[in-house]
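Shown below: entry_21.csv, with CSV, C-alpha atoms.
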```csv
chain,number,residue,atom,x,y,z
A,92,GLY,CA,-6.7,15.3,-4.0
A,93,GLU,CA,-8.2,11.8,-4.1
A,94,ASN,CA,-10.3,10.6,-1.2
A,95,VAL,CA,-11.3,6.9,-0.8
A,96,GLU,CA,-14.0,5.8,1.6
A,97,GLN,CA,-14.3,2.1,2.6
A,98,HIS,CA,-17.1,0.2,4.3
A,99,PRO,CA,-17.6,-1.7,6.5
A,100,SER,CA,-14.7,-1.2,8.9
A,101,THR,CA,-15.2,-4.7,10.3
A,102,LEU,CA,-16.9,-7.7,8.8
A,103,SER,CA,-17.5,-11.0,10.4
A,104,VAL,CA,-18.8,-14.0,8.3
A,105,GLN,CA,-19.1,-17.7,8.8
A,106,GLU,CA,-16.8,-20.0,6.8
A,107,GLY,CA,-18.3,-20.6,3.4
A,108,ASP,CA,-20.3,-17.4,3.3
A,109,SER,CA,-19.6,-14.5,1.0
A,110,ALA,CA,-18.0,-11.2,2.0
A,111,VAL,CA,-18.5,-7.9,0.2
A,112,ILE,CA,-16.4,-4.7,0.8
A,113,LYS,CA,-17.3,-1.4,-0.8
A,114,CYS,CA,-15.3,1.6,-1.7
A,115,THR,CA,-16.0,5.0,-3.2
A,116,TYR,CA,-13.6,7.4,-4.7
A,117,SER,CA,-13.8,11.1,-5.4
A,118,ASP,CA,-11.4,11.9,-8.2
A,119,SER,CA,-12.8,11.0,-11.6
A,120,ALA,CA,-9.2,11.0,-13.0
A,121,SER,CA,-8.5,7.8,-11.1
A,122,ASN,CA,-8.5,4.8,-13.3
A,123,TYR,CA,-6.7,2.1,-11.5
A,124,PHE,CA,-8.2,0.3,-8.4
A,125,PRO,CA,-6.2,-2.4,-6.6
A,126,TRP,CA,-7.1,-4.4,-3.5
A,127,TYR,CA,-4.6,-5.4,-0.9
A,128,LYS,CA,-4.8,-7.9,1.9
A,129,GLN,CA,-2.7,-7.3,4.9
A,130,GLU,CA,-2.1,-9.6,7.8
A,131,LEU,CA,-1.0,-8.2,11.1
A,132,GLY,CA,2.5,-6.7,10.9
A,133,LYS,CA,3.0,-7.9,7.3
A,134,ARG,CA,3.2,-6.2,4.0
A,135,PRO,CA,0.1,-5.3,2.0
A,136,GLN,CA,-0.3,-8.0,-0.7
A,137,LEU,CA,-2.0,-7.3,-4.0
A,138,ILE,CA,-4.9,-9.7,-4.4
A,139,ILE,CA,-6.7,-8.3,-7.4
A,140,ASP,CA,-6.9,-5.0,-9.4
A,141,ILE,CA,-9.1,-3.5,-12.0
A,142,ARG,CA,-8.7,-0.7,-14.5
A,143,SER,CA,-11.5,1.7,-15.6
A,144,ASN,CA,-11.9,0.2,-19.0
A,145,VAL,CA,-13.2,-3.0,-17.4
A,146,GLY,CA,-16.4,-3.4,-15.3
A,147,GLU,CA,-15.7,-6.7,-13.6
A,148,LYS,CA,-12.8,-9.0,-13.0
A,149,LYS,CA,-12.6,-12.4,-11.4
A,150,ASP,CA,-9.9,-14.6,-10.0
A,151,GLN,CA,-11.1,-17.8,-8.5
A,152,ARG,CA,-13.0,-16.9,-5.3
A,153,ILE,CA,-12.3,-13.2,-5.6
A,154,ALA,CA,-14.1,-10.7,-7.9
A,155,VAL,CA,-14.0,-6.9,-8.2
A,156,THR,CA,-16.7,-4.7,-9.8
A,157,LEU,CA,-16.3,-1.1,-10.8
A,158,ASN,CA,-19.0,1.5,-11.5
A,159,LYS,CA,-17.3,4.5,-13.0
A,160,THR,CA,-20.4,6.6,-13.1
A,161,ALA,CA,-21.1,6.2,-9.4
A,162,LYS,CA,-17.4,6.2,-8.6
A,163,HIS,CA,-17.5,3.0,-6.5
A,164,PHE,CA,-16.0,-0.4,-6.6
A,165,SER,CA,-16.4,-3.5,-4.6
A,166,LEU,CA,-14.6,-6.6,-3.6
A,167,HIS,CA,-16.4,-9.9,-3.4
A,168,ILE,CA,-15.0,-13.0,-1.7
A,169,THR,CA,-17.0,-16.2,-2.1
A,170,GLU,CA,-16.7,-19.4,-0.1
A,171,THR,CA,-14.7,-17.7,2.6
A,172,GLN,CA,-12.1,-19.6,4.5
A,173,PRO,CA,-10.4,-18.9,7.9
A,174,GLU,CA,-7.2,-17.9,6.0
A,175,ASP,CA,-9.1,-15.1,4.4
A,176,SER,CA,-9.2,-13.3,7.8
A,177,ALA,CA,-7.1,-10.2,7.5
A,178,VAL,CA,-7.4,-6.4,6.8
A,179,TYR,CA,-8.4,-5.5,3.3
A,180,PHE,CA,-7.6,-2.2,1.7
A,181,CYS,CA,-9.0,-0.7,-1.4
A,182,ALA,CA,-7.0,1.9,-3.2
A,183,ALA,CA,-7.3,4.3,-6.1
A,184,ALA,CA,-4.7,5.8,-8.5
A,185,TRP,CA,-4.3,7.0,-12.0
A,186,THR,CA,-2.2,5.1,-14.4
A,187,GLY,CA,0.5,7.6,-14.9
A,188,THR,CA,4.2,7.6,-14.0
A,189,ALA,CA,4.9,6.9,-10.4
A,190,SER,CA,1.2,7.5,-9.4
A,191,LYS,CA,0.7,7.2,-5.7
A,192,LEU,CA,-2.0,4.9,-4.2
A,193,THR,CA,-4.6,6.5,-2.0
A,194,PHE,CA,-6.0,3.9,0.3
A,195,GLY,CA,-9.3,3.4,2.0
A,196,THR,CA,-9.3,3.0,5.7
A,197,GLY,CA,-9.4,-0.8,5.6
A,198,THR,CA,-11.9,-3.6,6.5
A,199,ARG,CA,-11.0,-6.1,9.1
A,200,LEU,CA,-12.5,-9.4,7.9
A,201,GLN,CA,-13.0,-12.2,10.4
A,202,VAL,CA,-14.0,-15.6,9.1
A,203,THR,CA,-15.4,-17.8,11.8
A,204,LEU,CA,-15.7,-21.6,11.8
B,88,ALA,CA,10.4,-14.4,-8.0
B,89,ALA,CA,12.5,-11.6,-6.6
B,90,GLY,CA,10.6,-9.2,-4.2
B,91,VAL,CA,11.2,-5.8,-2.8
B,92,ILE,CA,13.9,-5.9,-0.1
B,93,GLN,CA,13.9,-3.5,2.9
B,94,SER,CA,16.5,-3.0,5.6
B,95,PRO,CA,16.6,-3.0,8.5
B,96,ARG,CA,13.4,-4.8,9.4
B,97,HIS,CA,13.3,-3.4,12.9
B,98,LEU,CA,14.9,-0.2,14.2
B,99,ILE,CA,14.8,1.4,17.6
B,100,LYS,CA,15.9,5.0,18.0
B,101,GLU,CA,15.8,7.7,20.7
B,102,LYS,CA,14.0,11.0,20.2
B,103,ARG,CA,16.0,13.5,18.2
B,104,GLU,CA,18.2,10.8,16.6
B,105,THR,CA,18.4,10.0,12.9
B,106,ALA,CA,17.4,6.9,11.0
B,107,THR,CA,18.1,5.7,7.5
B,108,LEU,CA,15.8,3.1,5.8
B,109,LYS,CA,16.9,1.3,2.7
B,110,CYS,CA,14.8,-0.2,-0.1
B,111,TYR,CA,15.9,-2.4,-3.0
B,112,PRO,CA,13.2,-2.6,-5.7
B,113,ILE,CA,12.3,-5.6,-7.8
B,114,PRO,CA,14.8,-5.9,-10.6
B,115,ARG,CA,13.9,-3.8,-13.7
B,116,HIS,CA,11.3,-1.8,-11.7
B,117,ASP,CA,11.9,1.9,-12.4
B,118,THR,CA,9.7,3.4,-9.7
B,119,VAL,CA,10.0,3.4,-5.9
B,120,TYR,CA,7.4,4.6,-3.4
B,121,TRP,CA,7.6,5.1,0.3
B,122,TYR,CA,4.5,4.8,2.6
B,123,GLN,CA,4.1,5.2,6.3
B,124,GLN,CA,1.6,3.1,8.2
B,125,GLY,CA,0.7,3.9,11.8
B,126,PRO,CA,-1.0,1.3,14.1
B,127,GLY,CA,-4.5,0.6,12.8
B,128,GLN,CA,-4.1,3.1,10.0
B,129,ASP,CA,-4.0,2.8,6.2
B,130,PRO,CA,-0.7,3.3,4.4
B,131,GLN,CA,0.0,7.0,3.8
B,132,PHE,CA,2.1,8.0,0.8
B,133,LEU,CA,5.3,9.9,1.5
B,134,ILE,CA,7.3,10.2,-1.7
B,135,SER,CA,8.0,8.5,-5.0
B,136,PHE,CA,10.9,8.3,-7.5
B,137,TYR,CA,10.8,7.5,-11.2
B,138,GLU,CA,14.1,6.8,-12.9
B,139,LYS,CA,16.0,8.3,-10.0
B,140,MET,CA,14.1,11.6,-10.1
B,141,GLN,CA,11.6,12.6,-7.4
B,142,SER,CA,8.2,12.2,-8.9
B,143,ASP,CA,5.6,13.0,-6.3
B,144,LYS,CA,5.5,14.1,-2.7
B,145,GLY,CA,2.8,13.4,-0.1
B,146,SER,CA,2.6,14.1,3.6
B,147,ILE,CA,6.3,13.9,4.2
B,148,PRO,CA,7.7,16.0,7.0
B,149,ASP,CA,10.6,18.4,6.2
B,150,ARG,CA,12.7,16.4,8.6
B,151,PHE,CA,12.5,13.5,6.1
B,152,SER,CA,14.4,13.3,2.9
B,153,ALA,CA,14.8,10.5,0.3
B,154,GLN,CA,16.6,9.7,-2.9
B,155,GLN,CA,17.0,7.0,-5.5
B,156,PHE,CA,20.4,6.0,-6.5
B,157,SER,CA,21.9,4.9,-9.8
B,158,ASP,CA,21.3,1.2,-9.0
B,159,TYR,CA,17.6,2.1,-8.3
B,160,HIS,CA,17.7,1.4,-4.6
B,161,SER,CA,16.3,4.1,-2.4
B,162,GLU,CA,17.0,5.5,1.0
B,163,LEU,CA,14.6,7.4,3.3
B,164,ASN,CA,16.5,9.6,5.8
B,165,MET,CA,14.7,10.7,8.9
B,166,SER,CA,16.2,13.3,11.3
B,167,SER,CA,15.1,14.8,14.6
B,168,LEU,CA,13.0,11.7,15.2
B,169,GLU,CA,9.8,12.2,17.2
B,170,LEU,CA,7.6,9.7,19.1
B,171,GLY,CA,5.0,10.1,16.4
B,172,ASP,CA,7.3,8.8,13.8
B,173,SER,CA,7.0,5.3,15.2
B,174,ALA,CA,5.3,3.3,12.5
B,175,LEU,CA,5.8,0.7,9.8
B,176,TYR,CA,7.5,2.1,6.8
B,177,PHE,CA,6.9,0.3,3.5
B,178,CYS,CA,8.7,0.7,0.2
B,179,ALA,CA,6.9,-0.4,-2.9
B,180,SER,CA,8.2,-0.7,-6.5
B,181,SER,CA,6.5,-0.8,-9.9
B,182,LEU,CA,7.3,-1.0,-13.5
B,183,ARG,CA,3.9,0.4,-14.5
B,184,ASP,CA,0.9,0.9,-12.2
B,185,THR,CA,1.0,-2.3,-10.1
B,186,GLN,CA,2.8,-1.7,-6.9
B,187,TYR,CA,4.5,-4.5,-4.9
B,188,PHE,CA,5.3,-3.8,-1.3
B,189,GLY,CA,8.4,-4.8,0.6
B,190,PRO,CA,8.2,-6.4,4.1
B,191,GLY,CA,8.5,-3.0,5.8
B,192,THR,CA,10.7,-1.5,8.5
B,193,ARG,CA,9.2,-1.2,11.9
B,194,LEU,CA,10.6,2.0,13.5
B,195,THR,CA,10.2,2.5,17.2
B,196,VAL,CA,11.1,5.9,18.6
B,197,LEU,CA,11.6,6.0,22.4
```

Please, can you express the file's structure as structure tokens?
Amino acid sequence: GENVEQHPSTLSVQEGDSAVIKCTYSDSASNYFPWYKQELGKRPQLIIDIRSNVGEKKDQRIAVTLNKTAKHFSLHITETQPEDSAVYFCAAAWTGTASKLTFGTGTRLQVTL
Amino acid sequence: AAGVIQSPRHLIKEKRETATLKCYPIPRHDTVYWYQQGPGQDPQFLISFYEKMQSDKGSIPDRFSAQQFSDYHSELNMSSLELGDSALYFCASSLRDTQYFGPGTRLTVL
């Protein structure tokens, strides 16, 4: 089955700096890669996703890149703000019917003033 | 916009009791997923349903069962509860590949 590794497990940045979180996946059949933000005790919230026919996607301060050959994808957050502090999960799936998400182990991002 | 609804939000049970968690997907979504998230862990896939039929099964104990009803809501039934079943249980729904999560049910087994 699919295995997703995520690094780093914790990341502390100063407000205004950029943050980068990296994930690798094992199953070459995976072609859908969402990123979720989860605050303590709350639901995972989708912040951005990318499909394997696209190499990069951007939404305001958030961008995701995908390297299919190397089987890795990354989340980039620019101009970080205190409200960006949360746990971020990457995930991988294939775009079939009812395809489950396999999550990475999460990155706790702390944005300090 | 309508979101995924889960009930109850909190549930406290004793060991060996049973629990039933309910999930109401976003209207017109045809797929429901259940995930279990322990403290400090990533969500782990349990089971999914597409058009009321079980589609995939993950690391779900035999003590757990689930179904999706004609109105597309789903229920996760958990029997012979163990201390290790204490976790957040999320339901997610999708129309295609993008999954939207409900607020979760926090189950505490004493």

* Can you work out which one of A:Leu192, A:Ile168, A:Ala161, A:Ile141 has the shortest atom-to-atom distance to Leu133 in chain B, counting all atoms listed in the file? =>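 Result for the nearest residue to Leu133 in chain B: A:Leu192.
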
Give me the chain B side of the contact with chain A, cut-off 9 Å, one line per residue showing its nearest atom pair and distance in Å at one decimal, counting all atoms listed in the file, sorted by chain and residue number, as a Markdown table.
```
| residue | atom | partner | partner_atom | distance |
| --- | --- | --- | --- | --- |
| B:Asp117 | CA | A:Ala189 | CA | 8.8 |
| B:Thr118 | CA | A:Ala189 | CA | 6.0 |
| B:Val119 | CA | A:Ala189 | CA | 7.6 |
| B:Tyr120 | CA | A:Lys191 | CA | 7.5 |
| B:Gly127 | CA | A:Gly197 | CA | 8.8 |
| B:Gln128 | CA | A:Thr196 | CA | 6.7 |
| B:Asp129 | CA | A:Thr196 | CA | 5.3 |
| B:Pro130 | CA | A:Phe194 | CA | 6.7 |
| B:Gln131 | CA | A:Thr193 | CA | 7.4 |
| B:Phe132 | CA | A:Lys191 | CA | 6.7 |
| B:Leu133 | CA | A:Lys191 | CA | 9.0 |
| B:Ile134 | CA | A:Lys191 | CA | 8.3 |
| B:Ser135 | CA | A:Ala189 | CA | 6.4 |
| B:Phe136 | CA | A:Ala189 | CA | 6.8 |
| B:Tyr137 | CA | A:Ala189 | CA | 6.0 |
| B:Ser142 | CA | A:Ala189 | CA | 6.4 |
| B:Asp143 | CA | A:Ala189 | CA | 7.4 |
| B:Lys144 | CA | A:Lys191 | CA | 8.9 |
| B:Gly145 | CA | A:Lys191 | CA | 8.6 |
| B:Leu175 | CA | A:Gly132 | CA | 8.2 |
| B:Phe177 | CA | A:Arg134 | CA | 7.5 |
| B:Ser181 | CA | A:Ala189 | CA | 7.9 |
| B:Leu182 | CA | A:Ala189 | CA | 8.8 |
| B:Arg183 | CA | A:Thr188 | CA | 7.2 |
| B:Asp184 | CA | A:Thr186 | CA | 5.7 |
| B:Thr185 | CA | A:Pro125 | CA | 8.0 |
| B:Gln186 | CA | A:Leu137 | CA | 7.9 |
| B:Tyr187 | CA | A:Leu137 | CA | 7.1 |
| B:Phe188 | CA | A:Arg134 | CA | 6.2 |
| B:Gly189 | CA | A:Arg134 | CA | 6.4 |
| B:Pro190 | CA | A:Arg134 | CA | 5.0 |
| B:Gly191 | CA | A:Arg134 | CA | 6.4 |
| B:Arg193 | CA | A:Gly132 | CA | 8.7 |
```

Restricting the output to C-alpha atoms, write the selected residues as a PDB file, in the coordinates of the input.
```pdb
ATOM      1  CA  ASP B 117      11.900   1.900 -12.400  1.00  0.00           C
ATOM      2  CA  THR B 118       9.700   3.400  -9.700  1.00  0.00           C
ATOM      3  CA  VAL B 119      10.000   3.400  -5.900  1.00  0.00           C
ATOM      4  CA  TYR B 120       7.400   4.600  -3.400  1.00  0.00           C
ATOM      5  CA  GLY B 127      -4.500   0.600  12.800  1.00  0.00           C
ATOM      6  CA  GLN B 128      -4.100   3.100  10.000  1.00  0.00           C
ATOM      7  CA  ASP B 129      -4.000   2.800   6.200  1.00  0.00           C
ATOM      8  CA  PRO B 130      -0.700   3.300   4.400  1.00  0.00           C
ATOM      9  CA  GLN B 131       0.000   7.000   3.800  1.00  0.00           C
ATOM     10  CA  PHE B 132       2.100   8.000   0.800  1.00  0.00           C
ATOM     11  CA  LEU B 133       5.300   9.900   1.500  1.00  0.00           C
ATOM     12  CA  ILE B 134       7.300  10.200  -1.700  1.00  0.00           C
ATOM     13  CA  SER B 135       8.000   8.500  -5.000  1.00  0.00           C
ATOM     14  CA  PHE B 136      10.900   8.300  -7.500  1.00  0.00           C
ATOM     15  CA  TYR B 137      10.800   7.500 -11.200  1.00  0.00           C
ATOM     16  CA  SER B 142       8.200  12.200  -8.900  1.00  0.00           C
ATOM     17  CA  ASP B 143       5.600  13.000  -6.300  1.00  0.00           C
ATOM     18  CA  LYS B 144       5.500  14.100  -2.700  1.00  0.00           C
ATOM     19  CA  GLY B 145       2.800  13.400  -0.100  1.00  0.00           C
ATOM     20  CA  LEU B 175       5.800   0.700   9.800  1.00  0.00           C
ATOM     21  CA  PHE B 177       6.900   0.300   3.500  1.00  0.00           C
ATOM     22  CA  SER B 181       6.500  -0.800  -9.900  1.00  0.00           C
ATOM     23  CA  LEU B 182       7.300  -1.000 -13.500  1.00  0.00           C
ATOM     24  CA  ARG B 183       3.900   0.400 -14.500  1.00  0.00           C
ATOM     25  CA  ASP B 184       0.900   0.900 -12.200  1.00  0.00           C
ATOM     26  CA  THR B 185       1.000  -2.300 -10.100  1.00  0.00           C
ATOM     27  CA  GLN B 186       2.800  -1.700  -6.900  1.00  0.00           C
ATOM     28  CA  TYR B 187       4.500  -4.500  -4.900  1.00  0.00           C
ATOM     29  CA  PHE B 188       5.300  -3.800  -1.300  1.00  0.00           C
ATOM     30  CA  GLY B 189       8.400  -4.800   0.600  1.00  0.00           C
ATOM     31  CA  PRO B 190       8.200  -6.400   4.100  1.00  0.00           C
ATOM     32  CA  GLY B 191       8.500  -3.000   5.800  1.00  0.00           C
ATOM     33  CA  ARG B 193       9.200  -1.200  11.900  1.00  0.00           C
TER      34      ARG B 193
END
```

* **Å distance separating CA of Gln97 in chain A from CA of Tyr122 in chain B, one decimal place** =>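 CA of Tyr122 in chain B lies 19.0 Å from CA of Gln97 in chain A.
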
* Can you work out which one of A:Ala183, A:Ser109, A:Ala177, A:Ser100 has the shortest atom-to-atom distance to Leu200 in chain A, counting only C-alpha atoms? => A:Ala177

* Asked: Any idea what the distance is between CA of Ile147 in chain B and CA of Glu96 in chain A?
  ->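 So the two atoms, CA of Ile147 in chain B and CA of Glu96 in chain A, lie 22.0 Å apart.
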
* Spatial neighbours of Asp150 in chain A, max dist 9 Å, all atoms listed in the file, sep filter under 5 positions, as a list in words -> Ile138, Ile139 and Val155 of chain A

Can I get the selected residues back with C-alpha atoms, as a PDB file, in the frame of the given file?
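As a result, result_38.pdb now contains:
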```
ATOM      1  CA  ILE A 138      -4.900  -9.700  -4.400  1.00  0.00           C
ATOM      2  CA  ILE A 139      -6.700  -8.300  -7.400  1.00  0.00           C
ATOM      3  CA  VAL A 155     -14.000  -6.900  -8.200  1.00  0.00           C
TER       4      VAL A 155
END
```

Return as AutoDock Vina command-line options the box centre and box size in Å, one decimal, for an axis-aligned box around all listed atoms of range 196-204 of chain A padded by 8 Å per side.
```
--center_x -12.5 --center_y -9.3 --center_z 8.7 --size_x 22.4 --size_y 40.6 --size_z 22.2
```

* Asked: Once you count all atoms listed in the file, which residues end up no further than 12 Å from (7.7, 7.5, 7.4) in the file's frame, shown as JSON, numbers by chain?
  -> {"B": [106, 107, 108, 120, 121, 122, 123, 124, 125, 130, 131, 132, 133, 134, 145, 146, 147, 148, 149, 150, 151, 152, 153, 162, 163, 164, 165, 166, 168, 169, 170, 171, 172, 173, 174, 175, 176, 177, 178, 191, 192, 193, 194, 195, 196]}

* To do: State, in Å with one decimal place, the distance from CA of Thr203 in chain A to CA of Gln172 in chain A.
  =>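 CA of Gln172 in chain A lies at a distance of 8.2 Å from CA of Thr203 in chain A.
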
List every protein, DNA or RNA residue that has an atom no more than 12 Å from (-18.8, 7.7, -15.8) in the file's coordinate frame, counting only C-alpha atoms, and report them as a PDB file with C-alpha atoms, keeping the file's coordinate frame.
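Produced file out36.pdb, reproduced below:
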```pdb
ATOM      1  CA  ASP A 118     -11.400  11.900  -8.200  1.00  0.00           C
ATOM      2  CA  SER A 119     -12.800  11.000 -11.600  1.00  0.00           C
ATOM      3  CA  ALA A 120      -9.200  11.000 -13.000  1.00  0.00           C
ATOM      4  CA  SER A 121      -8.500   7.800 -11.100  1.00  0.00           C
ATOM      5  CA  ASN A 122      -8.500   4.800 -13.300  1.00  0.00           C
ATOM      6  CA  SER A 143     -11.500   1.700 -15.600  1.00  0.00           C
ATOM      7  CA  ASN A 144     -11.900   0.200 -19.000  1.00  0.00           C
ATOM      8  CA  GLY A 146     -16.400  -3.400 -15.300  1.00  0.00           C
ATOM      9  CA  LEU A 157     -16.300  -1.100 -10.800  1.00  0.00           C
ATOM     10  CA  ASN A 158     -19.000   1.500 -11.500  1.00  0.00           C
ATOM     11  CA  LYS A 159     -17.300   4.500 -13.000  1.00  0.00           C
ATOM     12  CA  THR A 160     -20.400   6.600 -13.100  1.00  0.00           C
ATOM     13  CA  ALA A 161     -21.100   6.200  -9.400  1.00  0.00           C
ATOM     14  CA  LYS A 162     -17.400   6.200  -8.600  1.00  0.00           C
ATOM     15  CA  HIS A 163     -17.500   3.000  -6.500  1.00  0.00           C
TER      16      HIS A 163
END
```

* Close residues, Gly107 in chain A itself excluded, 12 Å, only C-alpha atoms, min 6 positions apart in chain, as a PyMOL selection string -> chain A and resi 152+168-175+202-204

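Across B:Ser180, B:Lys109, B:Pro114, B:Glu138, the tightest approach to Ser161 in chain B is made by B:Lys109 when counting all atoms listed in the file.
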
* So which one's closest to Thr198 in chain A, A:Thr115, A:Ser176, A:Asn94, A:Gln151? Using only C-alpha atoms, please. ->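 Of the candidates, the smallest distance to Thr198 in chain A is held by A:Ser176.
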
* Asked: In terms of the shortest atom-to-atom distance over all atoms listed in the file, which of A:Lys113, A:His98, A:Arg142, A:Arg199 is closest to His167 in chain A?
  ->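 Between A:Lys113, A:His98, A:Arg142, A:Arg199, the residue approaching His167 in chain A most closely is A:Lys113.
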
Keeping just N, CA and C atoms, export range 152-169 of chain A of this structure as a PDB file, in the first residue's frame.
```
ATOM      1  N   ARG A 152      -0.898  33.012  -0.699  1.00  0.00           N
ATOM      2  CA  ARG A 152       0.396  32.792  -0.041  1.00  0.00           C
ATOM      3  C   ARG A 152       0.821  31.328  -0.009  1.00  0.00           C
ATOM      4  N   ILE A 153      -0.007  30.463  -0.544  1.00  0.00           N
ATOM      5  CA  ILE A 153       0.254  29.029  -0.472  1.00  0.00           C
ATOM      6  C   ILE A 153       0.539  28.480  -1.862  1.00  0.00           C
ATOM      7  N   ALA A 154       1.556  27.636  -1.965  1.00  0.00           N
ATOM      8  CA  ALA A 154       1.876  26.992  -3.232  1.00  0.00           C
ATOM      9  C   ALA A 154       2.269  25.549  -2.959  1.00  0.00           C
ATOM     10  N   VAL A 155       2.006  24.707  -3.927  1.00  0.00           N
ATOM     11  CA  VAL A 155       2.418  23.309  -3.835  1.00  0.00           C
ATOM     12  C   VAL A 155       3.128  22.929  -5.118  1.00  0.00           C
ATOM     13  N   THR A 156       4.215  22.174  -4.980  1.00  0.00           N
ATOM     14  CA  THR A 156       4.947  21.682  -6.143  1.00  0.00           C
ATOM     15  C   THR A 156       4.965  20.166  -6.101  1.00  0.00           C
ATOM     16  N   LEU A 157       5.005  19.556  -7.269  1.00  0.00           N
ATOM     17  CA  LEU A 157       4.995  18.099  -7.378  1.00  0.00           C
ATOM     18  C   LEU A 157       6.071  17.660  -8.345  1.00  0.00           C
ATOM     19  N   ASN A 158       6.868  16.695  -7.918  1.00  0.00           N
ATOM     20  CA  ASN A 158       7.862  16.073  -8.780  1.00  0.00           C
ATOM     21  C   ASN A 158       7.500  14.592  -8.870  1.00  0.00           C
ATOM     22  N   LYS A 159       6.830  14.212  -9.954  1.00  0.00           N
ATOM     23  CA  LYS A 159       6.347  12.837 -10.101  1.00  0.00           C
ATOM     24  C   LYS A 159       7.490  11.851 -10.216  1.00  0.00           C
ATOM     25  N   THR A 160       8.559  12.260 -10.882  1.00  0.00           N
ATOM     26  CA  THR A 160       9.694  11.353 -11.076  1.00  0.00           C
ATOM     27  C   THR A 160      10.319  10.968  -9.746  1.00  0.00           C
ATOM     28  N   ALA A 161      10.490  11.957  -8.892  1.00  0.00           N
ATOM     29  CA  ALA A 161      11.098  11.716  -7.586  1.00  0.00           C
ATOM     30  C   ALA A 161      10.069  11.314  -6.538  1.00  0.00           C
ATOM     31  N   LYS A 162       8.808  11.360  -6.892  1.00  0.00           N
ATOM     32  CA  LYS A 162       7.708  11.046  -5.985  1.00  0.00           C
ATOM     33  C   LYS A 162       7.755  11.924  -4.737  1.00  0.00           C
ATOM     34  N   HIS A 163       7.914  13.206  -4.937  1.00  0.00           N
ATOM     35  CA  HIS A 163       7.798  14.077  -3.776  1.00  0.00           C
ATOM     36  C   HIS A 163       7.059  15.358  -4.135  1.00  0.00           C
ATOM     37  N   PHE A 164       6.451  15.916  -3.109  1.00  0.00           N
ATOM     38  CA  PHE A 164       5.698  17.150  -3.266  1.00  0.00           C
ATOM     39  C   PHE A 164       5.888  18.004  -2.016  1.00  0.00           C
ATOM     40  N   SER A 165       5.769  19.293  -2.201  1.00  0.00           N
ATOM     41  CA  SER A 165       6.094  20.233  -1.136  1.00  0.00           C
ATOM     42  C   SER A 165       5.041  21.324  -1.016  1.00  0.00           C
ATOM     43  N   LEU A 166       4.881  21.803   0.206  1.00  0.00           N
ATOM     44  CA  LEU A 166       3.993  22.931   0.503  1.00  0.00           C
ATOM     45  C   LEU A 166       4.855  24.128   0.861  1.00  0.00           C
ATOM     46  N   HIS A 167       4.558  25.249   0.240  1.00  0.00           N
ATOM     47  CA  HIS A 167       5.293  26.483   0.508  1.00  0.00           C
ATOM     48  C   HIS A 167       4.302  27.530   1.008  1.00  0.00           C
ATOM     49  N   ILE A 168       4.588  28.084   2.174  1.00  0.00           N
ATOM     50  CA  ILE A 168       3.774  29.178   2.699  1.00  0.00           C
ATOM     51  C   ILE A 168       4.662  30.398   2.797  1.00  0.00           C
ATOM     52  N   THR A 169       4.280  31.460   2.128  1.00  0.00           N
ATOM     53  CA  THR A 169       5.066  32.698   2.183  1.00  0.00           C
ATOM     54  C   THR A 169       4.400  33.693   3.126  1.00  0.00           C
TER      55      THR A 169
END
```
